Amino acid sequence: MSLTILSDEQIRGLLENLSREEAEDFVAVLRNALHEYSNGTQSIKDGVVHQPERISVHSNTTGATTLFMPSVSGLGHAVKVVTVSSPSSDPSLPAIRPTGSVTLYSPQGPPLGFLHAQTLTAFRTALASSCLLTKRASVRTITVFGAGLQAYWHIRLALMLRGDTIRQIFIINRQFSDTARDTFKKIHGIPQEIKQREGWDQAQFSLLTPGYGEYNRLEKDHMRASDVIYCCTPSTEDLFDASILTSHEGRRKGRLIVAVGSYTNEMRELPKELLLQATRAHPPGHLHYHKHATEGGVIIVDTLDGALKEAGEIIDAGLAPQQLVELGELVMIRRLAKEDEEKALASQRSSTDTSSASETFDKLDLTSPGSAMSTVFGSESGASASGSGSKRSSSRSPSRRGSSGGFSLPFHRRQSSNSGLPADDQKIKQQQQQSDHDYHLTRWITTGNVIYKSVGLGLMDLVVGFEIVKLAKERGVGNHIEGFS
């Protein structure tokens, strides 16, 4: 068994040259892992995936904060160690560029990989965002706040995966810094044949900074024209005025809004008003007098517990767990719809009378009316979307006891309207309810206003790290020490 050692330059070279099919394979692997994380069990004894809380240590002498992030999956286990400048450190101290490593181990313990963490971290964060990007119906115009490595890889993966439809990318940064200049240089330096292969050789790129006289007008114009907005800055204050997107004009267009730059409870990128509007519950029968894009009623997060403890926007807005849903609970929605339908039909076939079939279907724990996933489908079925006492037992979050019974799609219970119907009629009605709910969810994810907040997850490093090691071996990249273990 060999140990693979990869430098940041080697990792960057591997990832820059991915084909669209290879990038899609990376997305699929991470999507499956996040699904397993969100819908499995948190127990180390019973579960395949385990994500302990990160540990941090801070040095007042250097102003550095070092983060330790362990994770476990069926592939093995990993420990990521990263050092960054603390947001609260003395500004007179030299800035520390994020640096560190990821060590990968087999399930039995021997080390298999030692990878530089810089590009890997930015890539895996953008890869998680791309799980939602690939589902959007329209991706023509993108606005990006920030010009660092996170911003670059969000742009780069968007071009790899949706480059054939992208026509304009607006980058908004505090200043035309060396980092911004390097990002533009890297994008411009991508070979023309790759641009043509990915379909964005005619795309336009621009940079906007607050020093420009028309900044406020252009910022608003850029954001309202965008199909996707990426926020990739370690900001401690809102990046833009909420009214740009919360006004009637701002809400006419559906957008995917991704915030990945802030990762502590003192940091924030998105205005509170934007999150409150996205999670506002409307009473049954509520009528909208202004045309606007579909709202889901929840904020998507990579990890529920991490977001509640570390996402400044979530904390400042006072959002409850019922107003959040993990990315892993959504990314496999089509497969899960089929699984749930099969379970329901199997339960009905095993029952000999109508009332017994109805009772069995109700026991599938399709969700409580007030759960976060229930609000995704609105309240058209007569169940309230704002119950405060609901539990999302399908989630593996330790704060809500993960269920080992698997994940079930959320449906509003309407069994009272089914009682007395023949079994075949019940089956048809239940299938129609499922179809209606799945349609609403699909419309929201593909064309509605979707907000995704990420604070990072060690499991992402583990899964993507193993895929990079596999790719490196296939292409003969890196150092491979035989017999290390």
# chains A, B, ... in the order shown; residues from 1 in each chain; ligands from 1
$ closest_atom_pairs --of "region 153-224 of chain A" --to "region 25-29 of chain A" --cutoff "12 Å" --atoms "only C-alpha atoms" --output "CSV"
residue,atom,partner,partner_atom,distance
A:Leu157,CA,A:Val27,CA,10.1
A:Ala158,CA,A:Val27,CA,11.8
A:Met160,CA,A:Val27,CA,11.7
A:Leu161,CA,A:Val27,CA,9.8
$ residues_around --residues "region 1-17 of chain A" --least-positions-apart "3" --cutoff "6 Å" --atoms "only C-alpha atoms" --output "JSON, numbers by chain"
{"A": [112, 113, 114, 115, 116, 478, 479, 480, 481, 482, 483, 484]}
$ write_last_selection --atoms "N, CA, C and O atoms" --output "PDB file, in the first residue's frame"
ATOM      1  N   LEU A 112      -2.876   6.924   3.420  1.00  0.00           N
ATOM      2  CA  LEU A 112      -2.877   6.715   1.978  1.00  0.00           C
ATOM      3  C   LEU A 112      -2.555   7.981   1.193  1.00  0.00           C
ATOM      4  O   LEU A 112      -2.144   7.896   0.037  1.00  0.00           O
ATOM      5  N   GLY A 113      -2.768   9.136   1.798  1.00  0.00           N
ATOM      6  CA  GLY A 113      -2.544  10.379   1.064  1.00  0.00           C
ATOM      7  C   GLY A 113      -2.184  11.534   1.970  1.00  0.00           C
ATOM      8  O   GLY A 113      -2.683  11.634   3.097  1.00  0.00           O
ATOM      9  N   PHE A 114      -1.311  12.397   1.471  1.00  0.00           N
ATOM     10  CA  PHE A 114      -0.956  13.631   2.171  1.00  0.00           C
ATOM     11  C   PHE A 114      -1.022  14.743   1.133  1.00  0.00           C
ATOM     12  O   PHE A 114      -0.191  14.816   0.234  1.00  0.00           O
ATOM     13  N   LEU A 115      -2.065  15.594   1.233  1.00  0.00           N
ATOM     14  CA  LEU A 115      -2.365  16.575   0.191  1.00  0.00           C
ATOM     15  C   LEU A 115      -2.315  17.997   0.741  1.00  0.00           C
ATOM     16  O   LEU A 115      -2.805  18.253   1.848  1.00  0.00           O
ATOM     17  N   HIS A 116      -1.736  18.900  -0.049  1.00  0.00           N
ATOM     18  CA  HIS A 116      -1.804  20.318   0.294  1.00  0.00           C
ATOM     19  C   HIS A 116      -3.264  20.749   0.255  1.00  0.00           C
ATOM     20  O   HIS A 116      -4.034  20.325  -0.611  1.00  0.00           O
ATOM     21  N   GLY A 478       2.436  13.219  -8.924  1.00  0.00           N
ATOM     22  CA  GLY A 478       2.719  13.172  -7.500  1.00  0.00           C
ATOM     23  C   GLY A 478       3.799  12.171  -7.136  1.00  0.00           C
ATOM     24  O   GLY A 478       4.341  11.455  -7.990  1.00  0.00           O
ATOM     25  N   ASN A 479       4.091  12.139  -5.861  1.00  0.00           N
ATOM     26  CA  ASN A 479       5.065  11.182  -5.331  1.00  0.00           C
ATOM     27  C   ASN A 479       4.332  10.044  -4.637  1.00  0.00           C
ATOM     28  O   ASN A 479       3.437  10.289  -3.825  1.00  0.00           O
ATOM     29  N   HIS A 480       4.723   8.831  -4.932  1.00  0.00           N
ATOM     30  CA  HIS A 480       4.055   7.668  -4.370  1.00  0.00           C
ATOM     31  C   HIS A 480       5.100   6.819  -3.641  1.00  0.00           C
ATOM     32  O   HIS A 480       6.008   6.258  -4.269  1.00  0.00           O
ATOM     33  N   ILE A 481       4.985   6.764  -2.340  1.00  0.00           N
ATOM     34  CA  ILE A 481       5.952   6.032  -1.515  1.00  0.00           C
ATOM     35  C   ILE A 481       5.386   4.638  -1.242  1.00  0.00           C
ATOM     36  O   ILE A 481       4.406   4.483  -0.495  1.00  0.00           O
ATOM     37  N   GLU A 482       6.003   3.640  -1.815  1.00  0.00           N
ATOM     38  CA  GLU A 482       5.536   2.274  -1.645  1.00  0.00           C
ATOM     39  C   GLU A 482       5.929   1.738  -0.260  1.00  0.00           C
ATOM     40  O   GLU A 482       6.998   2.046   0.263  1.00  0.00           O
ATOM     41  N   GLY A 483       5.046   0.930   0.300  1.00  0.00           N
ATOM     42  CA  GLY A 483       5.338   0.277   1.568  1.00  0.00           C
ATOM     43  C   GLY A 483       5.422   1.217   2.750  1.00  0.00           C
ATOM     44  O   GLY A 483       6.023   0.872   3.777  1.00  0.00           O
ATOM     45  N   PHE A 484       4.832   2.409   2.652  1.00  0.00           N
ATOM     46  CA  PHE A 484       4.926   3.379   3.752  1.00  0.00           C
ATOM     47  C   PHE A 484       4.270   2.846   5.025  1.00  0.00           C
ATOM     48  O   PHE A 484       4.731   3.086   6.125  1.00  0.00           O
TER      49      PHE A 484
END
$ atom_distance --atom1 "CA of Glu329 (chain A)" --atom2 "CA of Met69 (chain A)"
22.4 Å
$ select_by_dssp --residues "region 13-259 of chain A" --states "alpha helix (DSSP H)" --output "MDAnalysis selection string"
chainID A and resid 13:16 20:39 118:133 149:162 178:188 192:198 215:225 243:246
$ closest_residue --among "A:Pro94, A:Gly328, A:Gly456, A:Gly146" --to "Gly40 (chain A)" --atoms "only C-alpha atoms"
A:Gly328
$ residues_around --residues "region 195-197 of chain A" --least-positions-apart "2" --cutoff "10 Å" --atoms "only C-alpha atoms" --output "PyMOL selection string"
chain A and resi 19-20+159-160+163-164+187-188+190-193+199-203
$ atom_distance --atom1 "CA of Val450 (chain A)" --atom2 "CA of Ala242 (chain A)"
15.2 Å
$ atom_distance --atom1 "CA of Phe145 (chain A)" --atom2 "CA of Asp182 (chain A)"
15.5 Å
$ closest_residue --among "A:Ile244, A:Leu93, A:Val72, A:Ala423" --to "Arg224 (chain A)" --atoms "only C-alpha atoms"
A:Ile244
